[in-house]
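Engineer: Please find one structure pasted underneath; my questions will follow.
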Amino acid sequence: QLQLVESGGGLVQPGGSLTLSCAASGFGFDGYAIGWIRQAPGKERKVVSCISSSGTTTRAPDSLKGRFPISRDNAKKTVYLLMTSLTAEDTAVYYCAARQNAVEHREYCGLGSWEYDYWGQGTQVTVSS
């Protein structure tokens with residue numbers, strides 16, 4: 001089982017950037033796909049970016065493509081989310097979550113929040129002037 005801890009959230013001005021980190025503990029980190037999921041008050045959870053266990057595949061919804069690049073360092077058991085050109089609509093709690101993939105699916109990561117089994121506690125991101 002994997003434990004996940006997010007960090008890096010905070011207050012940022014519109015147009016600014018922020019980098020979130022997701023640090024994992026436990027065995028087999030390189031066998032897990034990781035997703036970043038956000039939830040704004042009164043809204044459903046939404047995956048904003050994901051990365052496969054191998055790190056070679058990244059995905060994002062069309063509405064966010066290019067703004068939130070994701071990367072991972074398996075040696076450090078950490079996944080990063082660089083958030084750019086932030087607007088008030090990006091204000092939310094951001095979670096990282098993990099899904100264990102079989103070896104034959106190591107190039108896959110999902111854009112559905114229901115696909116993830118292990119979740120961190122979340123970090124608040126507020127975009128405001």
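Labeling convention for the structure tokens: chains A, B, ... as they appear, residues from 1 per chain, ligands from 1 in order of appearance.
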For Phe68 (chain A), find every residue with an atom within 12 Å (counting only C-alpha atoms), except residues of its own chain fewer than 4 positions away, and show them as a list of chain:residue names.
Structural biologist: A:Ser17, A:Leu18, A:Thr19, A:Leu20, A:Gly35, A:Trp36, A:Ile37, A:Val47, A:Val48, A:Ser49, A:Cys50, A:Ile51, A:Thr58, A:Arg59, A:Ala60, A:Pro61, A:Asp62, A:Ser63, A:Leu64, A:Tyr80, A:Leu81, A:Leu82, A:Met83, A:Thr84, A:Ser85, A:Leu86, A:Asp90
Engineer: Might you pull out every residue within 6 Å of Gly31 (chain A), with only C-alpha atoms counted and same-chain residues fewer than 3 positions away left off, and present them as a list in words?
Structural biologist: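 So, after excluding close chain neighbours, the residues are Gly28, Ser53, Gln100 and Asn101 of chain A.
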Engineer: Provide the CA of Arg45 (chain A) to CA of Gly9 (chain A) distance in Å, to one decimal place.
Structural biologist: 17.2 Å
Engineer: Hey, which of A:Tyr32, A:Thr87, A:Ala97, A:Gly120 ends up closest to Gly16 (chain A)? Count only C-alpha atoms.
Structural biologist: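 Counting only C-alpha atoms, the residue closest to Gly16 (chain A) is A:Thr87.
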Engineer: Which is closest to Cys22 (chain A) among A:Ala102, A:Pro41, A:Gln3, A:Thr78, if we use only C-alpha atoms?
Structural biologist: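 Of A:Ala102, A:Pro41, A:Gln3, A:Thr78, the one nearest Cys22 (chain A), counting only C-alpha atoms, is A:Thr78.
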Engineer: Please run DSSP on the backbone and report, as a PyMOL selection string, all residues within region 2-128 of chain A that come out as strand (DSSP E or B).
Structural biologist: chain A and resi 3-7+10-12+18-25+32-39+46-51+58-59+70-73+78-83+92-100+118-119+123-127
Engineer: Figure out the distance between CA of Ser54 (chain A) and CA of Glu104 (chain A), please, to one decimal in Å.
Structural biologist: 10.9 Å
Engineer: How many Å lie between CA of Tyr118 (chain A) and CA of Tyr94 (chain A), rounded to one decimal?
Structural biologist: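 Spanning CA of Tyr118 (chain A) to CA of Tyr94 (chain A) is a straight-line distance of 14.0 Å.
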Engineer: For Gly42 (chain A), find every residue with an atom within 12 Å (counting only C-alpha atoms), except residues of its own chain fewer than 3 positions away, and show them as a PDB file with N, CA, C and O atoms, in the first residue's frame.
Structural biologist:
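To be explicit, this is the file written out as part_0.pdb:
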ATOM      1  N   ARG A  38      -8.404  17.612  -8.678  1.00  0.00           N
ATOM      2  CA  ARG A  38      -8.800  18.775  -7.888  1.00  0.00           C
ATOM      3  C   ARG A  38     -10.300  18.750  -7.632  1.00  0.00           C
ATOM      4  O   ARG A  38     -11.070  18.163  -8.391  1.00  0.00           O
ATOM      5  N   GLN A  39     -10.671  19.409  -6.564  1.00  0.00           N
ATOM      6  CA  GLN A  39     -12.082  19.550  -6.231  1.00  0.00           C
ATOM      7  C   GLN A  39     -12.322  20.942  -5.679  1.00  0.00           C
ATOM      8  O   GLN A  39     -11.768  21.314  -4.638  1.00  0.00           O
ATOM      9  N   ARG A  45     -14.977  16.093  -8.394  1.00  0.00           N
ATOM     10  CA  ARG A  45     -13.545  15.891  -8.556  1.00  0.00           C
ATOM     11  C   ARG A  45     -13.198  15.782 -10.040  1.00  0.00           C
ATOM     12  O   ARG A  45     -13.945  15.176 -10.810  1.00  0.00           O
ATOM     13  N   ALA A  92      -8.916  25.386  -5.776  1.00  0.00           N
ATOM     14  CA  ALA A  92      -9.475  24.085  -5.392  1.00  0.00           C
ATOM     15  C   ALA A  92      -8.522  23.411  -4.407  1.00  0.00           C
ATOM     16  O   ALA A  92      -7.404  23.882  -4.183  1.00  0.00           O
ATOM     17  N   VAL A  93      -8.987  22.309  -3.852  1.00  0.00           N
ATOM     18  CA  VAL A  93      -8.096  21.400  -3.144  1.00  0.00           C
ATOM     19  C   VAL A  93      -7.543  20.427  -4.184  1.00  0.00           C
ATOM     20  O   VAL A  93      -8.302  19.851  -4.972  1.00  0.00           O
TER      21      VAL A  93
END
Engineer: As a PyMOL selection string, which residues of chain A does DSSP assign to helix (DSSP H, G or I)?
Structural biologist: chain A and resi 29-31+62-64+88-90+103-105+113-115
Engineer: I'd like the neighbourhood of Thr57 (chain A) as a list in words, where a residue qualifies if any of its atoms comes within 8 Å (using only C-alpha atoms), though same-chain residues fewer than 4 positions away should be ignored.
Structural biologist: Ile51, Ser52, Glu107, Tyr108 and Cys109 of chain A
Engineer: For N, CA and C atoms, I'd like the residues from the last selection saved as a PDB file, in the first residue's frame.
Structural biologist:
ATOM      1  N   ILE A  51       0.155  10.618 -14.927  1.00  0.00           N
ATOM      2  CA  ILE A  51       1.393  10.100 -15.491  1.00  0.00           C
ATOM      3  C   ILE A  51       1.444   8.605 -15.231  1.00  0.00           C
ATOM      4  N   SER A  52       1.881   7.869 -16.228  1.00  0.00           N
ATOM      5  CA  SER A  52       1.944   6.422 -16.108  1.00  0.00           C
ATOM      6  C   SER A  52       3.060   6.000 -15.161  1.00  0.00           C
ATOM      7  N   GLU A 107       2.112   1.761 -19.288  1.00  0.00           N
ATOM      8  CA  GLU A 107       2.053   2.994 -20.075  1.00  0.00           C
ATOM      9  C   GLU A 107       0.728   3.720 -19.905  1.00  0.00           C
ATOM     10  N   TYR A 108      -0.118   3.261 -19.001  1.00  0.00           N
ATOM     11  CA  TYR A 108      -1.465   3.819 -18.882  1.00  0.00           C
ATOM     12  C   TYR A 108      -1.605   4.695 -17.649  1.00  0.00           C
ATOM     13  N   CYS A 109      -2.346   5.777 -17.777  1.00  0.00           N
ATOM     14  CA  CYS A 109      -2.862   6.492 -16.620  1.00  0.00           C
ATOM     15  C   CYS A 109      -4.253   7.000 -16.982  1.00  0.00           C
TER      16      CYS A 109
END
